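Below is one structure, written out as structure tokens; the observations come after it.
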Amino acid sequence: MCKGPADHASTYDAQPRACVVLVDPCSTGAMLAPELDRRGYTVLALWTSDAGEHRGHLPQAAKGFPEKFLAELDEQPTLSSTAALLREACGGEPKALICGGEMGVKLADALSEHMGLRGNTTAHGMANRRDKQVQQDAVKAQGLRAVRSVCGKRWDEVKDFTDSERFPIIVKPGESAGSDGVKLCATPVEAEQHFQLLMNSQRKVGPQRAAVLLQEYLRGTEYIVDNVSRDGVHKTTMVWVYDRRPVNGAGFVCFGQQCVPSDQQVAQELIAYTRGCLDALRITDGATHTEVMMTETGPCLVEVNSRCHGLAGSWMPLAHAMTGYTQVDACVDAFLDADAFQRLPDVPREFLASGQVSMLVSYHDGHVESTHFEKVRDLESVVFLEENLHAGRRVEKTIDLFSLIGICVQVHRDPTVLADDVQAIREMEQNGSLFVLSN
């Protein structure tokens with residue numbers, strides 16, 4: 001149950017600190033809260049009607065929250081009524097409104113524009129920049145490489161694409177995250193079946209009954225380019241490369257992410273291309289997490305997410321070890337500290353350490369009697385471990401980010417130690433030694 005103004009009237013009356021609103025502060029978005037608190041701001045959570053099961057899911061690393069939220073409020077039927085509720089709760093105008101989770105992008109854009117706060121415009125067809133077809137159309141109009149695709153809510157609206165496009169193709173929700181609902185389909189029949197499944201099933205992230213996207217299958221290596229922006233100036237906080245593999249019947253399970261030095265040619269190409277995509281989508285302010293496929297003909301957009309890099313902020317210790325800062329604190333700079341934003345490097349300088357993010361994958365399913373993540377935590381290179389699995393719960397075979405059993409960050413000066421520890425983790429996954437299943 002959300003806390004509202006009536007629950008905090010005395011707090012508001014006595015509250016001297018400027019208030020910042022976080023829209024759907026889940027996953028890494030929740031990590032903005034302790035950073036804002038550290039800088040002396042009061043933080044208020046605004047939950048959208050699309051938040052669903054992600055509502056209130058804050059990582060353990062978000063120390064002090066949700067307890068220190070000034071209030072947790074619900075999106076109202078109109079922008080005006082939502083704005084009025086926020087002003088009442090904050091005791092005046094909020095200092096800033098920042099998108100925390102993927103589901104909050106549309107409301108954060110519209111509400112910040114409505115309230116005259118720093119944010120991204122909804123004009124020029126950008127009322128829903130989460131829509132992946134909107135993204136591809138905008139990038140193509142800018143003269144940049146875009147994926148061939150079609151979007152619709154009925155099979156007869158998209159069927160012609162399956163008659164002309166080379167298989168396999170990608171079928172996925174028009175609005176999603178974490179590989180939710182994404183499938184590589186080998187035949188038109190399989191594509192239609194998955195299309196109908198997506199149109200009639202519950203999704204983890206994004207509205208139900210939203211359009212489904214059919215896309216060409218991009219062949220190449222997938223990268224992430226994380227940026228923060230202020231007044232249309234984009235600064236890159238990290239370039240990552242995905243380690244994706246087919247497993248458990250899913251085609252794109254993420255096993256890890258490695259950092260890519262900014263002076264590598266591939267990073268320079270990706271950064272330039274991504275900034276062009278941000279301009280095409282009229283993104284001027286805030287954090288972005290852009291996935292790009294490097295094909296044999298150059299970079300091609302997969303999707304732009306107008307919020308911080310996800311994974312519950314598990315990557316933050318690695319980013320800080322590598323560069324001395326993270327996208328989270330840079331995002332706060334972009335909204336609230338012009339001088340600090342100006343001091344941020346255009347791209348990360350030479351890395352200060354070596355390491356990677358390793359996802360923990362399950363090859364087994366059943367009821368969990370006990371877990372043994374200490375085997376991972378005791379490895380020499382592991383500096384952070386987020387456990388997603390606990391005794392008494394059911395474990396499923398990993399097919400996407402939502403079914404990972406954990407995430408760990410590894411940092412070490414000796415690359416041999418790092419490689420040995422990664423291999424040890426993969427062996428534990430295969431033999432199921434990270435948990436014991438009930439008979």
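Starting from 1 in every chain, residues are counted up; chains themselves are A, B, ... following the order of the structure tokens, and ligands are numbered from 1 as listed.
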Which residues of stretch 144-186 of chain A come within 8 Å of stretch 300-310 of chain A, and for each one, what is the closest pair of atoms and their distance in Å to one decimal, counting only C-alpha atoms, sorted by chain and residue number, as CSV?
residue,atom,partner,partner_atom,distance
A:Arg145,CA,A:Cys300,CA,5.4
A:Ala146,CA,A:Cys300,CA,5.7
A:Val147,CA,A:Cys300,CA,6.7
Write a file of the just-selected residues containing all heavy atoms, as a compact mmCIF listing (two decimals), in the first residue's frame.
# COMPACT_ATOMS: atom_id res chain seq x y z
N ARG A 145 21.86 3.26 -40.01
CA ARG A 145 21.47 1.87 -40.22
C ARG A 145 20.40 1.48 -39.21
O ARG A 145 20.55 1.69 -38.01
CB ARG A 145 22.69 0.96 -40.08
CG ARG A 145 22.40 -0.54 -39.96
CD ARG A 145 22.08 -1.17 -41.30
NE ARG A 145 22.31 -2.61 -41.29
CZ ARG A 145 21.37 -3.54 -41.06
NH1 ARG A 145 20.12 -3.18 -40.82
NH2 ARG A 145 21.69 -4.83 -41.09
N ALA A 146 19.29 0.94 -39.70
CA ALA A 146 18.20 0.48 -38.85
C ALA A 146 17.83 -0.94 -39.25
O ALA A 146 18.08 -1.36 -40.39
CB ALA A 146 16.99 1.41 -38.98
N VAL A 147 17.22 -1.65 -38.34
CA VAL A 147 16.85 -3.03 -38.60
C VAL A 147 15.56 -3.07 -39.41
O VAL A 147 14.67 -2.23 -39.24
CB VAL A 147 16.67 -3.80 -37.26
CG1 VAL A 147 15.49 -3.28 -36.47
CG2 VAL A 147 16.54 -5.29 -37.49
All residues 10 Å or closer to A:Arg245, only C-alpha atoms, same chain fewer than 4 positions away omitted, as a PDB file with N, CA, C and O atoms, in the first residue's frame:
ATOM      1  N   ALA A 250      16.483 -21.436 -25.064  1.00  0.00           N
ATOM      2  CA  ALA A 250      16.428 -19.995 -25.363  1.00  0.00           C
ATOM      3  C   ALA A 250      17.668 -19.616 -26.164  1.00  0.00           C
ATOM      4  O   ALA A 250      18.751 -20.177 -25.969  1.00  0.00           O
ATOM      5  N   GLY A 251      17.509 -18.640 -27.056  1.00  0.00           N
ATOM      6  CA  GLY A 251      18.602 -18.330 -27.970  1.00  0.00           C
ATOM      7  C   GLY A 251      19.570 -17.268 -27.508  1.00  0.00           C
ATOM      8  O   GLY A 251      20.655 -17.131 -28.074  1.00  0.00           O
ATOM      9  N   PHE A 252      19.224 -16.484 -26.466  1.00  0.00           N
ATOM     10  CA  PHE A 252      20.023 -15.294 -26.167  1.00  0.00           C
ATOM     11  C   PHE A 252      20.278 -15.112 -24.675  1.00  0.00           C
ATOM     12  O   PHE A 252      20.224 -13.999 -24.158  1.00  0.00           O
ATOM     13  N   VAL A 253      20.566 -16.175 -23.960  1.00  0.00           N
ATOM     14  CA  VAL A 253      20.806 -16.055 -22.526  1.00  0.00           C
ATOM     15  C   VAL A 253      22.139 -15.344 -22.292  1.00  0.00           C
ATOM     16  O   VAL A 253      23.162 -15.689 -22.887  1.00  0.00           O
ATOM     17  N   CYS A 254      22.107 -14.334 -21.418  1.00  0.00           N
ATOM     18  CA  CYS A 254      23.302 -13.544 -21.140  1.00  0.00           C
ATOM     19  C   CYS A 254      24.120 -14.211 -20.037  1.00  0.00           C
ATOM     20  O   CYS A 254      23.642 -14.382 -18.920  1.00  0.00           O
ATOM     21  N   PHE A 255      25.364 -14.575 -20.370  1.00  0.00           N
ATOM     22  CA  PHE A 255      26.269 -15.183 -19.404  1.00  0.00           C
ATOM     23  C   PHE A 255      27.203 -14.153 -18.767  1.00  0.00           C
ATOM     24  O   PHE A 255      27.872 -14.461 -17.782  1.00  0.00           O
ATOM     25  N   GLY A 256      27.270 -12.965 -19.349  1.00  0.00           N
ATOM     26  CA  GLY A 256      28.155 -11.964 -18.767  1.00  0.00           C
ATOM     27  C   GLY A 256      28.310 -10.737 -19.638  1.00  0.00           C
ATOM     28  O   GLY A 256      27.761 -10.647 -20.746  1.00  0.00           O
TER      29      GLY A 256
END
From a backbone DSSP assignment, name each residue in stretch 60-235 of chain A labelled strand (DSSP E or B), as a VMD selection string. chain A and resid 72 to 74 96 to 99 149 to 152 169 to 173 183 to 185 212 to 216 221 to 230 233 to 235
Give me the residues within 7 Å of A:Ala280 as a PyMOL selection string, counting only C-alpha atoms and dropping any in the same chain fewer than 4 places off. chain A and resi 138-139+142+276
File of the preceding selection, all heavy atoms, as a PDB file, in the first residue's frame:
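As a result, again09.pdb now contains:
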ATOM      1  N   ALA A 138      12.778   6.309 -36.423  1.00  0.00           N
ATOM      2  CA  ALA A 138      13.479   7.571 -36.205  1.00  0.00           C
ATOM      3  C   ALA A 138      14.943   7.476 -36.613  1.00  0.00           C
ATOM      4  O   ALA A 138      15.503   8.405 -37.227  1.00  0.00           O
ATOM      5  CB  ALA A 138      13.369   7.977 -34.736  1.00  0.00           C
ATOM      6  N   VAL A 139      15.576   6.364 -36.285  1.00  0.00           N
ATOM      7  CA  VAL A 139      16.980   6.168 -36.650  1.00  0.00           C
ATOM      8  C   VAL A 139      17.139   6.089 -38.164  1.00  0.00           C
ATOM      9  O   VAL A 139      18.059   6.683 -38.749  1.00  0.00           O
ATOM     10  CB  VAL A 139      17.517   4.897 -35.957  1.00  0.00           C
ATOM     11  CG1 VAL A 139      18.857   4.482 -36.537  1.00  0.00           C
ATOM     12  CG2 VAL A 139      17.629   5.123 -34.454  1.00  0.00           C
ATOM     13  N   GLN A 142      16.993   9.374 -39.822  1.00  0.00           N
ATOM     14  CA  GLN A 142      18.210  10.153 -39.609  1.00  0.00           C
ATOM     15  C   GLN A 142      19.328   9.708 -40.547  1.00  0.00           C
ATOM     16  O   GLN A 142      20.407  10.297 -40.560  1.00  0.00           O
ATOM     17  CB  GLN A 142      18.662   9.996 -38.146  1.00  0.00           C
ATOM     18  CG  GLN A 142      19.699  10.984 -37.678  1.00  0.00           C
ATOM     19  CD  GLN A 142      19.104  12.308 -37.269  1.00  0.00           C
ATOM     20  OE1 GLN A 142      17.923  12.557 -37.481  1.00  0.00           O
ATOM     21  NE2 GLN A 142      19.916  13.177 -36.680  1.00  0.00           N
ATOM     22  N   GLY A 276      24.288   9.334 -32.469  1.00  0.00           N
ATOM     23  CA  GLY A 276      23.386   9.663 -33.568  1.00  0.00           C
ATOM     24  C   GLY A 276      21.979   9.149 -33.309  1.00  0.00           C
ATOM     25  O   GLY A 276      20.981   9.823 -33.613  1.00  0.00           O
TER      26      GLY A 276
END
Find the spatial neighbours of A:Ala96, counting only C-alpha atoms, within a cut-off of 8 Å - ignore same-chain residues fewer than 6 positions away - and output them as a PyMOL selection string. chain A and resi 19-21+117-118+335-336
Output file for the residues above (all heavy atoms, as an mmCIF file, in the first residue's frame):
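So the final result, stored in result_36.cif, reads:
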data_model
loop_
_atom_site.group_PDB
_atom_site.id
_atom_site.type_symbol
_atom_site.label_atom_id
_atom_site.label_comp_id
_atom_site.auth_asym_id
_atom_site.auth_seq_id
_atom_site.Cartn_x
_atom_site.Cartn_y
_atom_site.Cartn_z
ATOM 1 N N CYS A 19 13.311 18.178 -3.037
ATOM 2 C CA CYS A 19 12.751 16.848 -3.303
ATOM 3 C C CYS A 19 12.990 16.438 -4.747
ATOM 4 O O CYS A 19 12.774 17.226 -5.670
ATOM 5 C CB CYS A 19 11.256 16.861 -3.000
ATOM 6 S SG CYS A 19 10.444 15.277 -3.235
ATOM 7 N N VAL A 20 13.427 15.211 -4.940
ATOM 8 C CA VAL A 20 13.599 14.624 -6.269
ATOM 9 C C VAL A 20 12.665 13.431 -6.395
ATOM 10 O O VAL A 20 12.601 12.591 -5.487
ATOM 11 C CB VAL A 20 15.058 14.197 -6.515
ATOM 12 C CG1 VAL A 20 15.187 13.476 -7.860
ATOM 13 C CG2 VAL A 20 15.985 15.404 -6.466
ATOM 14 N N VAL A 21 11.945 13.353 -7.518
ATOM 15 C CA VAL A 21 10.997 12.272 -7.767
ATOM 16 C C VAL A 21 11.653 11.213 -8.641
ATOM 17 O O VAL A 21 12.222 11.537 -9.702
ATOM 18 C CB VAL A 21 9.723 12.801 -8.453
ATOM 19 C CG1 VAL A 21 8.766 11.651 -8.768
ATOM 20 C CG2 VAL A 21 9.045 13.842 -7.579
ATOM 21 N N LEU A 117 10.039 20.546 -16.001
ATOM 22 C CA LEU A 117 11.295 20.063 -15.433
ATOM 23 C C LEU A 117 12.213 19.525 -16.529
ATOM 24 O O LEU A 117 11.766 19.230 -17.631
ATOM 25 C CB LEU A 117 11.010 18.962 -14.413
ATOM 26 C CG LEU A 117 10.160 19.369 -13.202
ATOM 27 C CD1 LEU A 117 9.753 18.143 -12.397
ATOM 28 C CD2 LEU A 117 10.923 20.356 -12.319
ATOM 29 N N ARG A 118 13.470 19.378 -16.196
ATOM 30 C CA ARG A 118 14.440 18.829 -17.154
ATOM 31 C C ARG A 118 14.009 17.430 -17.583
ATOM 32 O O ARG A 118 13.658 16.595 -16.732
ATOM 33 C CB ARG A 118 15.828 18.786 -16.514
ATOM 34 C CG ARG A 118 16.927 18.230 -17.429
ATOM 35 C CD ARG A 118 18.284 18.310 -16.759
ATOM 36 N NE ARG A 118 18.667 19.691 -16.509
ATOM 37 C CZ ARG A 118 19.181 20.513 -17.411
ATOM 38 N NH1 ARG A 118 19.379 20.080 -18.658
ATOM 39 N NH2 ARG A 118 19.494 21.750 -17.101
ATOM 40 N N PHE A 335 21.274 15.774 -14.058
ATOM 41 C CA PHE A 335 20.043 16.461 -13.665
ATOM 42 C C PHE A 335 20.268 17.609 -12.693
ATOM 43 O O PHE A 335 19.534 18.602 -12.721
ATOM 44 C CB PHE A 335 19.063 15.457 -13.037
ATOM 45 C CG PHE A 335 18.261 14.691 -14.039
ATOM 46 C CD1 PHE A 335 18.686 13.447 -14.481
ATOM 47 C CD2 PHE A 335 17.092 15.212 -14.562
ATOM 48 C CE1 PHE A 335 17.950 12.736 -15.422
ATOM 49 C CE2 PHE A 335 16.343 14.505 -15.501
ATOM 50 C CZ PHE A 335 16.775 13.262 -15.932
ATOM 51 N N LEU A 336 21.290 17.489 -11.825
ATOM 52 C CA LEU A 336 21.342 18.388 -10.669
ATOM 53 C C LEU A 336 22.662 19.114 -10.461
ATOM 54 O O LEU A 336 22.740 19.976 -9.585
ATOM 55 C CB LEU A 336 21.013 17.572 -9.406
ATOM 56 C CG LEU A 336 19.592 17.002 -9.358
ATOM 57 C CD1 LEU A 336 19.481 15.902 -8.314
ATOM 58 C CD2 LEU A 336 18.594 18.119 -9.070
#
What are the closest atom pairs, with distances in Å to one decimal, for each residue of stretch 20-111 of chain A lying within 10 Å of stretch 206-229 of chain A, using only C-alpha atoms, rows by chain and rising residue number, as CSV?
residue,atom,partner,partner_atom,distance
A:Ser49,CA,A:Pro207,CA,9.2
A:Asp50,CA,A:Pro207,CA,6.2
A:Ala51,CA,A:Gly206,CA,8.0
A:Gly52,CA,A:Gly206,CA,8.8
A:Glu102,CA,A:Gly206,CA,8.1
A:Met103,CA,A:Gly206,CA,6.0
A:Gly104,CA,A:Gly206,CA,9.5
Go ahead and write the selection's residues with all heavy atoms as a JSON list (two decimals), in the first residue's frame.
[["chain", "number", "residue", "atom", "x", "y", "z"],
["A", 49, "SER", "N", 1.25, 2.85, -13.39],
["A", 49, "SER", "CA", 0.29, 1.75, -13.48],
["A", 49, "SER", "C", 0.88, 0.55, -14.21],
["A", 49, "SER", "O", 0.35, -0.56, -14.12],
["A", 49, "SER", "CB", -0.98, 2.23, -14.21],
["A", 49, "SER", "OG", -0.65, 2.76, -15.49],
["A", 50, "ASP", "N", 1.99, 0.73, -14.93],
["A", 50, "ASP", "CA", 2.64, -0.36, -15.65],
["A", 50, "ASP", "C", 3.71, -1.07, -14.83],
["A", 50, "ASP", "O", 4.30, -2.05, -15.30],
["A", 50, "ASP", "CB", 3.30, 0.17, -16.94],
["A", 50, "ASP", "CG", 2.30, 0.57, -18.00],
["A", 50, "ASP", "OD1", 1.20, 0.00, -18.02],
["A", 50, "ASP", "OD2", 2.63, 1.46, -18.81],
["A", 51, "ALA", "N", 3.98, -0.60, -13.61],
["A", 51, "ALA", "CA", 5.09, -1.15, -12.82],
["A", 51, "ALA", "C", 4.88, -2.63, -12.52],
["A", 51, "ALA", "O", 5.83, -3.42, -12.51],
["A", 51, "ALA", "CB", 5.27, -0.37, -11.53],
["A", 52, "GLY", "N", 3.64, -3.03, -12.26],
["A", 52, "GLY", "CA", 3.33, -4.44, -12.06],
["A", 52, "GLY", "C", 4.17, -5.09, -10.98],
["A", 52, "GLY", "O", 4.38, -4.53, -9.89],
["A", 102, "GLU", "N", 12.33, 0.90, -16.59],
["A", 102, "GLU", "CA", 11.91, 0.92, -17.99],
["A", 102, "GLU", "C", 10.42, 1.24, -18.15],
["A", 102, "GLU", "O", 10.03, 1.94, -19.08],
["A", 102, "GLU", "CB", 12.22, -0.45, -18.62],
["A", 102, "GLU", "CG", 11.88, -0.56, -20.08],
["A", 102, "GLU", "CD", 12.74, 0.32, -20.96],
["A", 102, "GLU", "OE1", 13.84, 0.73, -20.53],
["A", 102, "GLU", "OE2", 12.30, 0.63, -22.09],
["A", 103, "MET", "N", 9.58, 0.75, -17.23],
["A", 103, "MET", "CA", 8.15, 0.97, -17.34],
["A", 103, "MET", "C", 7.78, 2.43, -17.15],
["A", 103, "MET", "O", 6.70, 2.87, -17.54],
["A", 103, "MET", "CB", 7.39, 0.12, -16.32],
["A", 103, "MET", "CG", 7.73, -1.36, -16.34],
["A", 103, "MET", "SD", 9.35, -1.72, -15.58],
["A", 103, "MET", "CE", 9.14, -1.10, -13.93],
["A", 104, "GLY", "N", 8.67, 3.21, -16.53],
["A", 104, "GLY", "CA", 8.36, 4.60, -16.22],
["A", 104, "GLY", "C", 8.77, 5.61, -17.27],
["A", 104, "GLY", "O", 8.56, 6.82, -17.08]]
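Residue nearest A:Ala89 within the list A:Ile407, A:Met428, A:Ile170, A:Leu70: A:Leu70 [criterion: smallest interatomic distance, only C-alpha atoms].
Using only C-alpha atoms for every distance, the candidate list A:Met293, A:Val182, A:Ala312, A:Val436 yields A:Ala312 as the residue closest to A:Pro59.
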As an exercise, work out the distance from atom CA of A:Arg393 to atom CA of A:Val368 in Å and give it to one decimal place. 5.5 Å
Can you list, as JSON, numbers by chain, every protein, DNA or RNA residue that comes within 7 Å of A:Pro34 when you count only C-alpha atoms, leaving out same-chain residues fewer than 3 positions away? {"A": [31, 37, 38, 62, 63]}
Shell of 12 Å around stretch 106-110 of chain A, only C-alpha atoms, local chain residues under 2 positions omitted, as an mmCIF file with C-alpha atoms, in the first residue's frame:
data_model
loop_
_atom_site.group_PDB
_atom_site.id
_atom_site.type_symbol
_atom_site.label_atom_id
_atom_site.label_comp_id
_atom_site.auth_asym_id
_atom_site.auth_seq_id
_atom_site.Cartn_x
_atom_site.Cartn_y
_atom_site.Cartn_z
ATOM 1 C CA VAL A 21 10.997 12.272 -7.767
ATOM 2 C CA LEU A 22 12.027 8.829 -9.048
ATOM 3 C CA VAL A 23 9.549 7.224 -11.444
ATOM 4 C CA ASP A 24 9.407 3.438 -10.960
ATOM 5 C CA PRO A 25 12.623 3.217 -8.912
ATOM 6 C CA ALA A 45 8.897 7.304 -5.369
ATOM 7 C CA LEU A 46 6.193 7.537 -8.030
ATOM 8 C CA TRP A 47 4.901 4.162 -9.230
ATOM 9 C CA THR A 48 3.253 3.927 -12.643
ATOM 10 C CA SER A 49 0.289 1.752 -13.485
ATOM 11 C CA ASP A 50 2.645 -0.359 -15.655
ATOM 12 C CA ALA A 51 5.090 -1.155 -12.825
ATOM 13 C CA ASP A 74 0.622 6.128 -7.405
ATOM 14 C CA GLU A 75 0.305 7.546 -10.903
ATOM 15 C CA GLN A 76 -3.031 9.360 -11.158
ATOM 16 C CA PRO A 77 -5.505 9.288 -14.105
ATOM 17 C CA THR A 78 -4.141 12.517 -15.628
ATOM 18 C CA LEU A 79 -0.817 14.351 -15.794
ATOM 19 C CA SER A 80 -2.369 17.320 -13.996
ATOM 20 C CA THR A 82 -0.326 13.373 -10.827
ATOM 21 C CA ALA A 83 1.596 16.658 -10.843
ATOM 22 C CA ALA A 96 13.962 17.057 -10.585
ATOM 23 C CA LEU A 97 12.035 14.070 -11.909
ATOM 24 C CA ILE A 98 14.138 11.103 -13.030
ATOM 25 C CA CYS A 99 13.111 7.833 -14.655
ATOM 26 C CA GLY A 100 14.124 4.848 -12.568
ATOM 27 C CA GLY A 101 12.724 1.805 -14.398
ATOM 28 C CA GLU A 102 11.906 0.917 -17.989
ATOM 29 C CA MET A 103 8.153 0.970 -17.345
ATOM 30 C CA GLY A 104 8.365 4.598 -16.220
ATOM 31 C CA SER A 112 8.626 16.289 -16.677
ATOM 32 C CA GLU A 113 7.478 18.141 -19.808
ATOM 33 C CA HIS A 114 4.106 18.935 -18.211
ATOM 34 C CA MET A 115 5.771 20.259 -15.035
ATOM 35 C CA GLY A 116 8.487 22.221 -16.830
ATOM 36 C CA LEU A 117 11.295 20.063 -15.433
ATOM 37 C CA ARG A 118 14.440 18.829 -17.154
ATOM 38 C CA GLY A 119 13.638 15.858 -19.384
ATOM 39 C CA ASN A 120 13.037 14.626 -22.911
ATOM 40 C CA THR A 121 10.393 16.027 -25.238
ATOM 41 C CA THR A 122 7.332 14.048 -26.265
ATOM 42 C CA ALA A 123 6.949 16.111 -29.456
ATOM 43 C CA MET A 126 8.254 10.803 -29.256
ATOM 44 C CA ALA A 127 5.268 10.379 -26.912
ATOM 45 C CA ASN A 128 6.351 6.740 -26.569
ATOM 46 C CA ARG A 129 10.055 6.482 -27.299
ATOM 47 C CA ARG A 130 10.020 3.055 -25.613
ATOM 48 C CA ASP A 131 8.306 1.690 -28.717
ATOM 49 C CA GLU A 175 7.955 -2.645 -25.384
ATOM 50 C CA GLY A 206 5.565 -3.401 -20.539
ATOM 51 C CA PRO A 207 1.839 -3.030 -21.138
ATOM 52 C CA ARG A 282 15.476 13.618 -29.427
ATOM 53 C CA ILE A 283 16.975 12.435 -26.160
ATOM 54 C CA THR A 284 18.596 15.429 -24.497
ATOM 55 C CA ASP A 285 18.662 14.652 -20.776
ATOM 56 C CA GLY A 286 19.215 11.708 -18.473
ATOM 57 C CA ASN A 305 16.355 2.267 -23.055
ATOM 58 C CA SER A 306 15.910 5.729 -21.541
ATOM 59 C CA ARG A 307 17.162 4.850 -18.047
#
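We find atom CA of A:Asn248 and atom CA of A:His364 to be spaced 9.2 Å apart.
Non-sequential neighbours of stretch 410-425 of chain A (distance at most 7 Å, separation of 6 or more positions within a chain, only C-alpha atoms) are A:Leu318, A:Ala353, A:Ser354, A:Gly355, A:Gln356, A:Val357, A:Val376, A:Leu379, A:Ser381, A:Val382, A:Val383.
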